[in-house]
Amino acid sequence: MATQPELEHPNKAFGYAARDSSGVLSPFSFSRRETGEKDVAFKVLYCGICHSDLHMVKNEWGMSKYPLVPGHEIAGIVTEVGSKVDKFKVGDRVGVGCLVDSCRTCQNCEESLENYCPQSTLTYGAKHSDGTITHGGYSDSMVADEHFVIRIPDSLPLEAAAPLLCAGITVYSPLRYFGLDKPGLHVGVVGLGGLGHMAVKYAKAFGANVTVISTSPNKEKEAIEHLGADSFLISRDQDKMQAAASTLDGIIDTVSANHPIVPLIGLLKSHGKLVMVGAPEKPLELPIFPLLQGRKLIAGSAIGGLKETQEMIDFSAKHNIEPEIEVIPVDYVNTAMERLLKADVKYRFVIDIGNTLKPSS
C-alpha cells in the first residue's frame, strides 16, 4: 500500500512535466489553487498512463500548453474539503478522471453528460474559468470540485481503480448506451490493449458472448484463456472473417491506428452497431453501401459523464473487474512512454505516486 502523508502546504505541488514537444518529462514544482468551498483536495497515490498522455506531451494534437503535467487516471486519499462539500470527508478514497469542470447549465450537463459539454475543462493542459492552466495526476496532490470527484469503494484497490477513470468508462459507456449490455448478445472487440481488454471484461460481465478481433495471432491465447473471450478472429484472415459475417450484434472498436472498417461492418448482423472509441489520426474510408445492407450504424463515444463514471466504478467493484496493470516508479515514466509507443505493456502502466514521487526525485 502507498503511504498517505498529510500535505503541509495544500497549494504547493510537485510532479513531472513536459516542457516542450520532445515529450521528455522531468521534475516540476507548481501551485494548486487553494481549496474552495466546493473543492476536494487529495493526496495522489496512483496515476495511470493513458495513450492520450503520450499524444499530449508531444503536442501531436496541436493543443498542448507547456509546462504540461499529464495524467487523468488519478486515485488517492482526501486531505481537505471545502466548507460546502457534502459528499466527501478527509480520509475518503477518491479519484478524478478526464474532466474537472463544465458549464453545468447546458442540456448535456443537465443530462449528466458533462463529457459532451462544449465548455468542459480537461484535467490537464486546459484553462480553468479563472485562466489558470490545469495540471494532471503525475503529481503529489490534486484539487477539484466535488462534482468531478469519484468515490472509490473500499474493495477496489486504488492502483486498479485509477485506469478505470479513463480506460474503463471509455468502453463501459458505449456498451451501456448502445444496448450491448444484455445477456446473450454477441459483441466484438477490436484491439486488445488498454481499452480493448477492459471492453472484454465488461462485455463478459454483462453476459455477452465476446469475440476479440485483432491483427496479432499471438494474442489469441491471452484473449481466450486469460481474459475470458469466447472466440478470436484475425482480421487479416479473409476466410475466417467471411465465415463470421453477420454474427455480431455490436462491435467496440478501440484501435487508434488507421485500419479498414468495411470488414468490420461485414461482421455485423442487421441493425448491428460499430462504435468507435479509438481516434485514428487520419480519416477512415467509409463506403455507404455496406451500411445500407442491414440498416447498420457507425457511431462514436468519448468517456462518460460523472454519474455514469461512478456507476462504472461501483459496477467494477461489485463484479471484481480490474484492469491488468504494471505499477512503476515515477522515475521510470519516460521509459514507460517509450514502451507505450511500441505497445509494450499489458495493459496499463500505473505510476506509484505515493511511494516514489518525492521533491528530490
# chains A, B, ... in the order shown; residues from 1 in each chain; ligands from 1

$ residues_around --residues "Asp145 of chain A" --least-positions-apart "6" --cutoff "9 Å" --atoms "only C-alpha atoms" --output "PyMOL selection string"
chain A and resi 35-41+85+100-101

$ write_last_selection --atoms "all heavy atoms" --output "compact mmCIF listing (two decimals), in the first residue's frame"
# COMPACT_ATOMS: atom_id res chain seq x y z
N THR A 35 -8.03 25.40 -1.79
CA THR A 35 -9.25 24.60 -1.73
C THR A 35 -10.46 25.51 -1.52
O THR A 35 -10.59 26.16 -0.48
CB THR A 35 -9.17 23.58 -0.58
OG1 THR A 35 -7.98 22.81 -0.73
CG2 THR A 35 -10.36 22.64 -0.59
N GLY A 36 -11.33 25.55 -2.53
CA GLY A 36 -12.53 26.38 -2.45
C GLY A 36 -13.63 25.71 -1.66
O GLY A 36 -13.51 24.55 -1.23
N GLU A 37 -14.74 26.41 -1.49
CA GLU A 37 -15.81 25.91 -0.62
C GLU A 37 -16.45 24.63 -1.15
O GLU A 37 -17.01 23.86 -0.36
CB GLU A 37 -16.87 26.99 -0.42
CG GLU A 37 -17.56 27.46 -1.68
CD GLU A 37 -18.54 28.58 -1.44
OE1 GLU A 37 -18.49 29.19 -0.34
OE2 GLU A 37 -19.36 28.86 -2.33
N LYS A 38 -16.39 24.38 -2.45
CA LYS A 38 -16.94 23.14 -3.02
C LYS A 38 -15.85 22.19 -3.51
O LYS A 38 -16.14 21.22 -4.21
CB LYS A 38 -17.89 23.49 -4.17
CG LYS A 38 -19.14 24.23 -3.77
CD LYS A 38 -20.08 23.35 -2.95
CE LYS A 38 -20.76 22.32 -3.82
NZ LYS A 38 -21.71 21.47 -3.04
N ASP A 39 -14.61 22.46 -3.13
CA ASP A 39 -13.49 21.67 -3.61
C ASP A 39 -13.12 20.52 -2.68
O ASP A 39 -13.34 20.59 -1.46
CB ASP A 39 -12.25 22.54 -3.79
CG ASP A 39 -12.31 23.42 -5.02
OD1 ASP A 39 -13.10 23.10 -5.93
OD2 ASP A 39 -11.56 24.41 -5.08
N VAL A 40 -12.53 19.51 -3.28
CA VAL A 40 -11.94 18.39 -2.56
C VAL A 40 -10.45 18.36 -2.91
O VAL A 40 -10.09 18.34 -4.09
CB VAL A 40 -12.60 17.05 -2.96
CG1 VAL A 40 -11.87 15.87 -2.32
CG2 VAL A 40 -14.07 17.05 -2.57
N ALA A 41 -9.60 18.38 -1.90
CA ALA A 41 -8.16 18.24 -2.11
C ALA A 41 -7.76 16.83 -1.69
O ALA A 41 -8.24 16.32 -0.68
CB ALA A 41 -7.39 19.28 -1.30
N VAL A 85 -18.73 21.29 0.96
CA VAL A 85 -18.66 19.92 0.42
C VAL A 85 -19.48 19.01 1.30
O VAL A 85 -19.30 18.98 2.53
CB VAL A 85 -17.20 19.43 0.34
CG1 VAL A 85 -17.14 17.94 0.02
CG2 VAL A 85 -16.43 20.23 -0.71
N VAL A 100 -12.47 18.18 -15.07
CA VAL A 100 -12.52 18.84 -13.77
C VAL A 100 -13.53 19.98 -13.74
O VAL A 100 -13.70 20.62 -12.70
CB VAL A 100 -11.13 19.36 -13.34
CG1 VAL A 100 -10.20 18.19 -13.04
CG2 VAL A 100 -10.53 20.28 -14.40
N ASP A 101 -14.20 20.24 -14.85
CA ASP A 101 -15.22 21.28 -14.83
C ASP A 101 -16.07 21.20 -16.10
O ASP A 101 -15.68 20.56 -17.09
CB ASP A 101 -14.59 22.67 -14.73
CG ASP A 101 -15.55 23.70 -14.12
OD1 ASP A 101 -16.70 23.34 -13.81
OD2 ASP A 101 -15.13 24.86 -13.94

$ closest_residue --among "A:Glu146, A:Glu80, A:Asp331, A:Asp352" --to "Ser26 of chain A" --atoms "only C-alpha atoms"
A:Asp331

$ closest_residue --among "A:Leu268, A:Ala167, A:Ile328, A:Ala229" --to "Ser246 of chain A" --atoms "only C-alpha atoms"
A:Leu268

$ closest_atom_pairs --of "segment 131-232 of chain A" --to "segment 43-50 of chain A" --cutoff "12 Å" --atoms "only C-alpha atoms" --output "CSV"
residue,atom,partner,partner_atom,distance
A:Gly136,CA,A:Cys47,CA,9.0
A:Gly137,CA,A:Cys47,CA,5.8
A:Tyr138,CA,A:Cys47,CA,6.4
A:Ser139,CA,A:Val44,CA,6.8
A:Asp140,CA,A:Val44,CA,5.1
A:Ser141,CA,A:Lys43,CA,4.6
A:Met142,CA,A:Val44,CA,6.6
A:Val143,CA,A:Lys43,CA,9.1
A:Ala144,CA,A:Lys43,CA,11.8
A:Pro157,CA,A:Tyr46,CA,10.2
A:Leu158,CA,A:Tyr46,CA,6.9
A:Glu159,CA,A:Tyr46,CA,5.6
A:Ala160,CA,A:Gly48,CA,8.9
A:Ala161,CA,A:Tyr46,CA,9.0
A:Ala162,CA,A:Gly48,CA,5.8
A:Pro163,CA,A:Gly48,CA,5.2
A:Leu164,CA,A:Gly48,CA,8.9
A:Leu165,CA,A:Gly48,CA,9.0
A:Cys166,CA,A:Cys50,CA,7.7
A:Ala167,CA,A:Cys50,CA,7.7
A:Gly168,CA,A:Cys50,CA,11.3
A:Thr170,CA,A:Cys50,CA,11.6
A:Gly193,CA,A:Cys50,CA,11.0
A:Gly194,CA,A:Cys50,CA,8.2
A:Leu195,CA,A:Cys50,CA,9.7

$ closest_residue --among "A:Ala244, A:Val275, A:Ala126, A:Leu264" --to "Pro67 of chain A" --atoms "only C-alpha atoms"
A:Ala126

$ residues_around --residues "Asp253 of chain A" --least-positions-apart "3" --cutoff "8 Å" --atoms "only C-alpha atoms" --output "PyMOL selection string"
chain A and resi 189-191+196+274-278

$ write_last_selection --atoms "all heavy atoms" --output "tab-separated table (two decimals), in the first residue's frame"
chain	number	residue	atom	x	y	z
A	189	VAL	N	-14.85	-7.08	-30.03
A	189	VAL	CA	-13.94	-6.06	-29.51
A	189	VAL	C	-12.73	-6.03	-30.43
A	189	VAL	O	-12.02	-7.03	-30.58
A	189	VAL	CB	-13.49	-6.38	-28.07
A	189	VAL	CG1	-12.44	-5.36	-27.60
A	189	VAL	CG2	-14.69	-6.38	-27.12
A	190	VAL	N	-12.50	-4.88	-31.06
A	190	VAL	CA	-11.37	-4.73	-31.97
A	190	VAL	C	-10.20	-4.12	-31.21
A	190	VAL	O	-10.31	-3.03	-30.65
A	190	VAL	CB	-11.72	-3.83	-33.17
A	190	VAL	CG1	-10.56	-3.77	-34.16
A	190	VAL	CG2	-12.98	-4.33	-33.86
A	191	GLY	N	-9.08	-4.83	-31.19
A	191	GLY	CA	-7.90	-4.37	-30.48
A	191	GLY	C	-7.86	-4.91	-29.07
A	191	GLY	O	-8.88	-4.94	-28.37
A	196	GLY	N	-9.21	-2.24	-25.08
A	196	GLY	CA	-9.80	-3.49	-25.53
A	196	GLY	C	-9.94	-4.53	-24.45
A	196	GLY	O	-10.98	-5.21	-24.35
A	274	LEU	N	-21.41	-0.50	-34.97
A	274	LEU	CA	-19.95	-0.41	-34.85
A	274	LEU	C	-19.65	0.90	-34.14
A	274	LEU	O	-19.91	1.99	-34.66
A	274	LEU	CB	-19.29	-0.43	-36.23
A	274	LEU	CG	-17.79	-0.13	-36.30
A	274	LEU	CD1	-16.98	-1.12	-35.47
A	274	LEU	CD2	-17.31	-0.13	-37.75
A	275	VAL	N	-19.10	0.81	-32.92
A	275	VAL	CA	-18.86	2.00	-32.10
A	275	VAL	C	-17.36	2.24	-32.00
A	275	VAL	O	-16.61	1.39	-31.51
A	275	VAL	CB	-19.47	1.84	-30.69
A	275	VAL	CG1	-19.33	3.17	-29.93
A	275	VAL	CG2	-20.92	1.43	-30.77
A	276	MET	N	-16.95	3.42	-32.43
A	276	MET	CA	-15.54	3.79	-32.43
A	276	MET	C	-15.20	4.52	-31.13
A	276	MET	O	-15.83	5.53	-30.79
A	276	MET	CB	-15.22	4.71	-33.62
A	276	MET	CG	-15.79	4.24	-34.96
A	276	MET	SD	-15.08	2.71	-35.55
A	276	MET	CE	-13.42	3.24	-35.95
A	277	VAL	N	-14.22	4.00	-30.41
A	277	VAL	CA	-13.73	4.71	-29.22
A	277	VAL	C	-12.25	5.06	-29.35
A	277	VAL	O	-11.72	5.85	-28.57
A	277	VAL	CB	-13.97	3.89	-27.93
A	277	VAL	CG1	-15.45	3.70	-27.70
A	277	VAL	CG2	-13.25	2.56	-27.95
A	278	GLY	N	-11.56	4.45	-30.33
A	278	GLY	CA	-10.22	4.88	-30.67
A	278	GLY	C	-10.30	6.11	-31.57
A	278	GLY	O	-11.37	6.44	-32.08

$ closest_atom_pairs --of "segment 38-64 of chain A" --to "segment 10-19 of chain A" --cutoff "10 Å" --atoms "only C-alpha atoms" --output "JSON lines"
{"residue": "A:Ala41", "atom": "CA", "partner": "A:Pro10", "partner_atom": "CA", "distance": 7.5}
{"residue": "A:Phe42", "atom": "CA", "partner": "A:Pro10", "partner_atom": "CA", "distance": 8.7}
{"residue": "A:Lys43", "atom": "CA", "partner": "A:Pro10", "partner_atom": "CA", "distance": 9.1}
{"residue": "A:Met56", "atom": "CA", "partner": "A:Ala18", "partner_atom": "CA", "distance": 9.2}
{"residue": "A:Val57", "atom": "CA", "partner": "A:Ala18", "partner_atom": "CA", "distance": 5.8}
{"residue": "A:Lys58", "atom": "CA", "partner": "A:Ala18", "partner_atom": "CA", "distance": 8.3}
{"residue": "A:Ser64", "atom": "CA", "partner": "A:Ala18", "partner_atom": "CA", "distance": 9.9}

$ write_last_selection --atoms "N, CA and C atoms" --output "PDB file, in the first residue's frame"
ATOM      1  N   ALA A  41      -9.602  18.383  -1.901  1.00  0.00           N
ATOM      2  CA  ALA A  41      -8.160  18.242  -2.112  1.00  0.00           C
ATOM      3  C   ALA A  41      -7.762  16.833  -1.692  1.00  0.00           C
ATOM      4  N   PHE A  42      -6.910  16.205  -2.494  1.00  0.00           N
ATOM      5  CA  PHE A  42      -6.477  14.861  -2.088  1.00  0.00           C
ATOM      6  C   PHE A  42      -5.033  14.585  -2.449  1.00  0.00           C
ATOM      7  N   LYS A  43      -4.445  13.719  -1.645  1.00  0.00           N
ATOM      8  CA  LYS A  43      -3.097  13.235  -1.879  1.00  0.00           C
ATOM      9  C   LYS A  43      -3.160  12.193  -2.986  1.00  0.00           C
ATOM     10  N   MET A  56      -0.298  14.060 -25.881  1.00  0.00           N
ATOM     11  CA  MET A  56      -0.290  15.418 -25.333  1.00  0.00           C
ATOM     12  C   MET A  56       1.117  15.911 -25.013  1.00  0.00           C
ATOM     13  N   VAL A  57       1.965  15.070 -24.433  1.00  0.00           N
ATOM     14  CA  VAL A  57       3.303  15.555 -24.085  1.00  0.00           C
ATOM     15  C   VAL A  57       4.096  15.915 -25.334  1.00  0.00           C
ATOM     16  N   LYS A  58       3.756  15.297 -26.469  1.00  0.00           N
ATOM     17  CA  LYS A  58       4.434  15.586 -27.727  1.00  0.00           C
ATOM     18  C   LYS A  58       3.686  16.592 -28.599  1.00  0.00           C
ATOM     19  N   SER A  64      -1.472  21.288 -26.863  1.00  0.00           N
ATOM     20  CA  SER A  64      -0.752  21.222 -25.597  1.00  0.00           C
ATOM     21  C   SER A  64      -0.217  22.586 -25.172  1.00  0.00           C
TER      22      SER A  64
END

$ closest_residue --among "A:Gly304, A:Asp344, A:Cys106, A:Trp61" --to "Glu281 of chain A" --atoms "only C-alpha atoms"
A:Trp61

$ select_by_dssp --residues "segment 3-250 of chain A" --states "strand (DSSP E)" --output "PyMOL selection string"
chain A and resi 12-18+25-31+39-49+74-81+93-96+99-101+121-122+141-145+150-151+186-190+209-214+231-234+248-250

$ atom_distance --atom1 "atom CA of Asn258 of chain A" --atom2 "atom CA of Asp237 of chain A"
17.9 Å

$ atom_distance --atom1 "atom CA of Ala245 of chain A" --atom2 "atom CA of Lys269 of chain A"
7.8 Å
